[in-house]
Structures are given as C-alpha cells and as structure tokens.
>>> print(open('start12.csv').read())   # CSV, C-alpha atoms
chain,number,residue,atom,x,y,z
A,1,MET,CA,51.2,-9.6,52.5
A,2,LYS,CA,53.4,-11.9,50.3
A,3,GLU,CA,55.8,-9.9,48.1
A,4,SER,CA,54.6,-9.8,44.5
A,5,ILE,CA,57.1,-10.0,41.7
A,6,ILE,CA,54.9,-8.1,39.3
A,7,ARG,CA,54.3,-5.5,41.9
A,8,ASN,CA,58.1,-5.0,42.4
A,9,LYS,CA,58.9,-5.0,38.7
A,10,SER,CA,56.2,-2.5,37.8
A,11,PHE,CA,57.3,-0.2,40.6
A,12,GLN,CA,60.9,-0.3,39.5
A,13,PHE,CA,59.7,0.3,35.9
A,14,SER,CA,57.8,3.3,37.1
A,15,LEU,CA,60.9,4.8,38.6
A,16,LYS,CA,62.7,4.3,35.3
A,17,ILE,CA,59.9,6.0,33.4
A,18,ILE,CA,60.1,8.9,35.8
A,19,GLN,CA,63.8,9.2,35.1
A,20,LEU,CA,63.2,9.1,31.3
A,21,TYR,CA,60.4,11.7,31.7
A,22,LYS,CA,62.9,14.1,33.4
A,23,LYS,CA,65.5,13.5,30.6
A,24,LEU,CA,62.8,14.1,27.9
A,25,LEU,CA,61.7,17.3,29.5
A,26,ASN,CA,65.3,18.6,29.4
A,27,GLU,CA,65.3,17.9,25.7
A,28,LYS,CA,62.0,19.8,25.3
A,29,GLU,CA,60.0,16.7,24.3
A,30,PHE,CA,56.8,17.3,26.1
A,31,ILE,CA,54.0,15.3,24.3
A,32,ILE,CA,55.5,11.8,24.2
A,33,SER,CA,57.1,12.3,27.6
A,34,ARG,CA,53.7,13.1,29.2
A,35,GLN,CA,52.0,10.1,27.6
A,36,LEU,CA,54.8,7.8,28.7
A,37,LEU,CA,54.7,9.2,32.3
A,38,LYS,CA,50.9,8.6,32.5
A,39,SER,CA,50.8,5.1,31.0
A,40,GLY,CA,54.1,3.9,32.4
A,41,THR,CA,53.2,4.7,36.0
A,42,SER,CA,49.6,3.6,35.7
A,43,ILE,CA,50.7,0.0,35.3
A,44,GLY,CA,51.9,-0.2,38.8
A,45,ALA,CA,49.1,1.8,40.2
A,46,ASN,CA,46.5,-0.6,38.8
A,47,ILE,CA,48.5,-3.6,40.0
A,48,GLU,CA,48.4,-2.1,43.5
A,49,GLU,CA,44.6,-1.7,43.2
A,50,ALA,CA,44.3,-5.3,41.9
A,51,LEU,CA,46.2,-6.6,44.9
A,52,ALA,CA,43.7,-4.9,47.1
A,53,GLY,CA,40.8,-6.1,45.0
A,54,GLN,CA,37.5,-6.8,46.7
A,55,SER,CA,36.9,-9.9,44.6
A,56,LYS,CA,38.5,-12.2,42.0
A,57,LYS,CA,36.6,-10.4,39.3
A,58,ASP,CA,37.9,-7.0,40.5
A,59,PHE,CA,41.4,-8.4,40.6
A,60,THR,CA,41.2,-9.7,37.1
A,61,ALA,CA,39.7,-6.4,35.8
A,62,LYS,CA,42.5,-4.3,37.4
A,63,MET,CA,45.2,-6.6,36.1
A,64,SER,CA,43.6,-6.4,32.6
A,65,ILE,CA,43.8,-2.6,32.8
A,66,SER,CA,47.5,-2.9,33.8
A,67,SER,CA,48.1,-5.1,30.8
A,68,LYS,CA,46.5,-2.5,28.5
A,69,GLU,CA,48.5,0.3,30.1
A,70,ALA,CA,51.7,-1.8,29.6
A,71,ARG,CA,50.9,-2.2,25.9
A,72,GLU,CA,50.3,1.5,25.5
A,73,THR,CA,53.6,2.2,27.2
A,74,LYS,CA,55.3,-0.1,24.8
A,75,TYR,CA,53.8,1.8,21.9
A,76,TRP,CA,55.1,5.2,23.2
A,77,LEU,CA,58.5,3.7,23.8
A,78,ARG,CA,58.6,2.2,20.3
A,79,LEU,CA,57.5,5.5,18.8
A,80,LEU,CA,60.1,7.4,20.8
A,81,LYS,CA,62.8,5.0,19.5
A,82,GLU,CA,61.7,4.8,15.9
A,83,SER,CA,61.0,8.5,15.5
A,84,GLU,CA,64.5,9.5,16.5
A,85,LEU,CA,63.1,12.6,18.3
A,86,THR,CA,65.8,12.1,20.9
A,87,LYS,CA,69.1,10.2,21.2
A,88,ILE,CA,68.1,8.8,24.6
A,89,LYS,CA,68.2,5.0,24.3
A,90,VAL,CA,65.1,3.1,25.4
A,91,ASN,CA,66.1,-0.5,24.5
A,92,ASP,CA,66.3,-1.5,28.1
A,93,LEU,CA,62.9,-0.1,28.9
A,94,LEU,CA,61.5,-1.9,25.9
A,95,ASP,CA,62.9,-5.2,27.3
A,96,ASN,CA,61.5,-4.4,30.7
A,97,ILE,CA,58.0,-3.7,29.3
A,98,GLU,CA,58.0,-6.8,27.2
A,99,GLU,CA,58.7,-8.9,30.4
A,100,ILE,CA,55.9,-7.0,32.3
A,101,ILE,CA,53.5,-7.6,29.4
A,102,ARG,CA,54.3,-11.3,29.4
A,103,MET,CA,53.7,-11.5,33.1
A,104,LEU,CA,50.5,-9.6,33.1
A,105,THR,CA,49.2,-11.6,30.1
A,106,SER,CA,49.8,-14.8,32.1
A,107,ILE,CA,48.2,-13.4,35.2
A,108,VAL,CA,45.1,-12.2,33.4
A,109,LYS,CA,44.6,-15.5,31.5
A,110,THR,CA,45.0,-17.5,34.6
A,111,SER,CA,42.6,-15.2,36.5
A,112,GLN,CA,40.0,-15.4,33.7
A,113,ASN,CA,40.3,-19.2,33.6
A,114,ASN,CA,39.8,-19.4,37.4
A,115,LEU,CA,36.7,-17.1,37.1
A,116,THR,CA,35.1,-19.3,34.5
A,117,LYS,CA,35.7,-22.5,36.6
A,118,ASN,CA,33.8,-21.1,39.5
>>> encode(input="start12.csv", output="structure tokens")
Amino acid sequence: MKESIIRNKSFQFSLKIIQLYKKLLNEKEFIISRQLLKSGTSIGANIEEALAGQSKKDFTAKMSISSKEARETKYWLRLLKESELTKIKVNDLLDNIEEIIRMLTSIVKTSQNNLTKN
C-alpha cells in the first residue's frame, strides 16, 4: 500500500495527544483530557478504516467522520488553552490539528466531487 501523508500525520498527532493526556492526568485534569484522548485518537482510527474502505462512498464517509473528530479535537484544545486550567502549552498541537483539518477537508471535498461525477 502506498504511504499516506494524512495517515502518518494523524498517527503522529495521536501519539502527541497520548503524551498530552498523560501530562493532564498528572495535573488531575480528567474531563478534558479524556475527551481529547477520545477525539484526538479517533481521527487516525477512522482514517485507517477509510483506507480499507469497501467502496468510494465508504471511504468518503470515514474521512468525513475523521474530519468531524479533528474539529472536535480542535475545540477541546482551544478550550484547554483559553480556560487556563493548566500551564501546558498546546499551540503546536493546535497548529498540527489545523493542518490535519485542512487536509481532511480537501480529501472529503474531492471524494464527494468524485462520487457525484459517477
């Protein structure tokens, strides 16, 4: 299988989210940390499912779910940053998730356009 840039970026992002989760647990921040862990690692999981999709429609649906999970993750990161619940810096993660959202948006739009052409 050809290496996928979005697959690699989402996997690396998931690893960073897991590291953030561990730090947040040490600071006794349980609610936001759990939400971030779920949505942040779900992005890559859905991309993996999309790449093994049974049809173009299945691929598009899974990539769309990944896009939604990425946007949710951005929300939790922004909330963590703006609420000042912790001193942990999340600016790099916000930059990473913005890039992933842009990539997923492009993939979903292209996939949807290809579906309507057929």
>>> closest_atom_pairs(input="start12.csv", of="segment 31-53 of chain A", to="segment 57-78 of chain A", cutoff="6 Å", atoms="all atoms listed in the file", output="CSV")
residue,atom,partner,partner_atom,distance
A:Leu36,CA,A:Thr73,CA,5.9
A:Ser39,CA,A:Glu69,CA,5.4
A:Gly40,CA,A:Thr73,CA,5.5
A:Ile43,CA,A:Ser66,CA,4.6
A:Asn46,CA,A:Ser66,CA,5.6
A:Ile47,CA,A:Met63,CA,5.9
A:Ala50,CA,A:Phe59,CA,4.4
A:Gly53,CA,A:Phe59,CA,5.0
>>> atom_distance(input="start12.csv", atom1="atom CA of Lys22 of chain A", atom2="atom CA of Ile100 of chain A")
22.3 Å
>>> atom_distance(input="start12.csv", atom1="atom CA of Ser33 of chain A", atom2="atom CA of Ser4 of chain A")
27.9 Å
>>> closest_residue(input="start12.csv", among="A:Leu93, A:Asn8, A:Leu80, A:Glu48", to="Ile31 of chain A", atoms="all atoms listed in the file")
A:Leu80
>>> closest_residue(input="start12.csv", among="A:Ile5, A:Ile97, A:Ile107, A:Leu37", to="Lys56 of chain A", atoms="all atoms listed in the file")
A:Ile107
>>> closest_residue(input="start12.csv", among="A:Leu25, A:Glu84, A:Leu104, A:Asn96", to="Gln12 of chain A", atoms="all atoms listed in the file")
A:Asn96
>>> atom_distance(input="start12.csv", atom1="atom CA of Ile101 of chain A", atom2="atom CA of Thr86 of chain A")
24.7 Å
>>> residues_around(input="start12.csv", residues="Asp92 of chain A", least_positions_apart="2", cutoff="12 Å", atoms="all atoms listed in the file", output="list in words")
Phe13, Lys16, Ile17, Leu20, Lys74, Leu77, Arg78, Lys81, Ile88, Lys89, Val90, Leu94, Asp95, Asn96, Ile97, Glu98 and Glu99 of chain A
>>> closest_residue(input="start12.csv", among="A:Leu85, A:Ala52, A:Met103, A:Leu115", to="Glu27 of chain A", atoms="all atoms listed in the file")
A:Leu85
>>> closest_residue(input="start12.csv", among="A:Asn26, A:Ser55, A:Gln35, A:Thr41", to="Ser14 of chain A", atoms="all atoms listed in the file")
A:Thr41
>>> build_atoms(input="start12.csv", residues="segment 44-77 of chain A", atoms="N, CA and C atoms", output="CSV table (one decimal), in the frame of the given file")
chain,number,residue,atom,x,y,z
A,44,GLY,N,51.8,0.1,37.4
A,44,GLY,CA,51.9,-0.2,38.8
A,44,GLY,C,50.8,0.2,39.7
A,45,ALA,N,50.2,1.4,39.4
A,45,ALA,CA,49.1,1.8,40.2
A,45,ALA,C,47.9,0.9,40.1
A,46,ASN,N,47.6,0.4,38.9
A,46,ASN,CA,46.5,-0.6,38.8
A,46,ASN,C,46.9,-1.9,39.4
A,47,ILE,N,48.1,-2.3,39.4
A,47,ILE,CA,48.5,-3.6,40.0
A,47,ILE,C,48.3,-3.5,41.5
A,48,GLU,N,48.6,-2.3,42.1
A,48,GLU,CA,48.4,-2.1,43.5
A,48,GLU,C,46.9,-2.2,43.8
A,49,GLU,N,46.1,-1.6,43.0
A,49,GLU,CA,44.6,-1.7,43.2
A,49,GLU,C,44.1,-3.1,43.0
A,50,ALA,N,44.7,-3.9,42.1
A,50,ALA,CA,44.3,-5.3,41.9
A,50,ALA,C,44.6,-6.1,43.1
A,51,LEU,N,45.8,-5.9,43.7
A,51,LEU,CA,46.2,-6.6,44.9
A,51,LEU,C,45.3,-6.4,46.1
A,52,ALA,N,44.6,-5.2,46.1
A,52,ALA,CA,43.7,-4.9,47.1
A,52,ALA,C,42.2,-5.1,46.7
A,53,GLY,N,42.1,-5.8,45.6
A,53,GLY,CA,40.8,-6.1,45.0
A,53,GLY,C,39.8,-6.7,46.0
A,54,GLN,N,38.5,-6.3,45.8
A,54,GLN,CA,37.5,-6.8,46.7
A,54,GLN,C,37.0,-8.2,46.3
A,55,SER,N,37.3,-8.6,45.0
A,55,SER,CA,36.9,-9.9,44.6
A,55,SER,C,37.8,-10.4,43.5
A,56,LYS,N,37.7,-11.6,43.1
A,56,LYS,CA,38.5,-12.2,42.0
A,56,LYS,C,38.2,-11.5,40.7
A,57,LYS,N,37.0,-11.1,40.5
A,57,LYS,CA,36.6,-10.4,39.3
A,57,LYS,C,37.2,-9.0,39.3
A,58,ASP,N,37.2,-8.3,40.4
A,58,ASP,CA,37.9,-7.0,40.5
A,58,ASP,C,39.4,-7.1,40.3
A,59,PHE,N,40.0,-8.1,40.9
A,59,PHE,CA,41.4,-8.4,40.6
A,59,PHE,C,41.7,-8.5,39.2
A,60,THR,N,40.9,-9.4,38.5
A,60,THR,CA,41.2,-9.7,37.1
A,60,THR,C,41.0,-8.4,36.2
A,61,ALA,N,40.0,-7.6,36.6
A,61,ALA,CA,39.7,-6.4,35.8
A,61,ALA,C,40.9,-5.4,35.9
A,62,LYS,N,41.4,-5.2,37.1
A,62,LYS,CA,42.5,-4.3,37.4
A,62,LYS,C,43.8,-4.8,36.7
A,63,MET,N,44.0,-6.1,36.8
A,63,MET,CA,45.2,-6.6,36.1
A,63,MET,C,45.1,-6.4,34.6
A,64,SER,N,43.9,-6.6,34.1
A,64,SER,CA,43.6,-6.4,32.6
A,64,SER,C,43.9,-4.9,32.2
A,65,ILE,N,43.5,-4.0,33.1
A,65,ILE,CA,43.8,-2.6,32.8
A,65,ILE,C,45.3,-2.4,32.8
A,66,SER,N,46.0,-3.0,33.8
A,66,SER,CA,47.5,-2.9,33.8
A,66,SER,C,48.1,-3.4,32.6
A,67,SER,N,47.6,-4.5,32.0
A,67,SER,CA,48.1,-5.1,30.8
A,67,SER,C,47.9,-4.1,29.6
A,68,LYS,N,46.8,-3.5,29.6
A,68,LYS,CA,46.5,-2.5,28.5
A,68,LYS,C,47.4,-1.3,28.6
A,69,GLU,N,47.6,-0.8,29.8
A,69,GLU,CA,48.5,0.3,30.1
A,69,GLU,C,50.0,-0.1,29.7
A,70,ALA,N,50.4,-1.3,29.9
A,70,ALA,CA,51.7,-1.8,29.6
A,70,ALA,C,51.9,-1.8,28.1
A,71,ARG,N,50.8,-2.2,27.4
A,71,ARG,CA,50.9,-2.2,25.9
A,71,ARG,C,50.9,-0.8,25.3
A,72,GLU,N,50.2,0.1,26.0
A,72,GLU,CA,50.3,1.5,25.5
A,72,GLU,C,51.7,2.1,25.8
A,73,THR,N,52.2,1.8,26.9
A,73,THR,CA,53.6,2.2,27.2
A,73,THR,C,54.6,1.7,26.2
A,74,LYS,N,54.4,0.5,25.8
A,74,LYS,CA,55.3,-0.1,24.8
A,74,LYS,C,55.2,0.7,23.5
A,75,TYR,N,54.0,1.0,23.1
A,75,TYR,CA,53.8,1.8,21.9
A,75,TYR,C,54.5,3.1,22.0
A,76,TRP,N,54.4,3.9,23.1
A,76,TRP,CA,55.1,5.2,23.2
A,76,TRP,C,56.6,5.0,23.2
A,77,LEU,N,57.1,3.9,23.8
A,77,LEU,CA,58.5,3.7,23.8
A,77,LEU,C,59.0,3.4,22.4
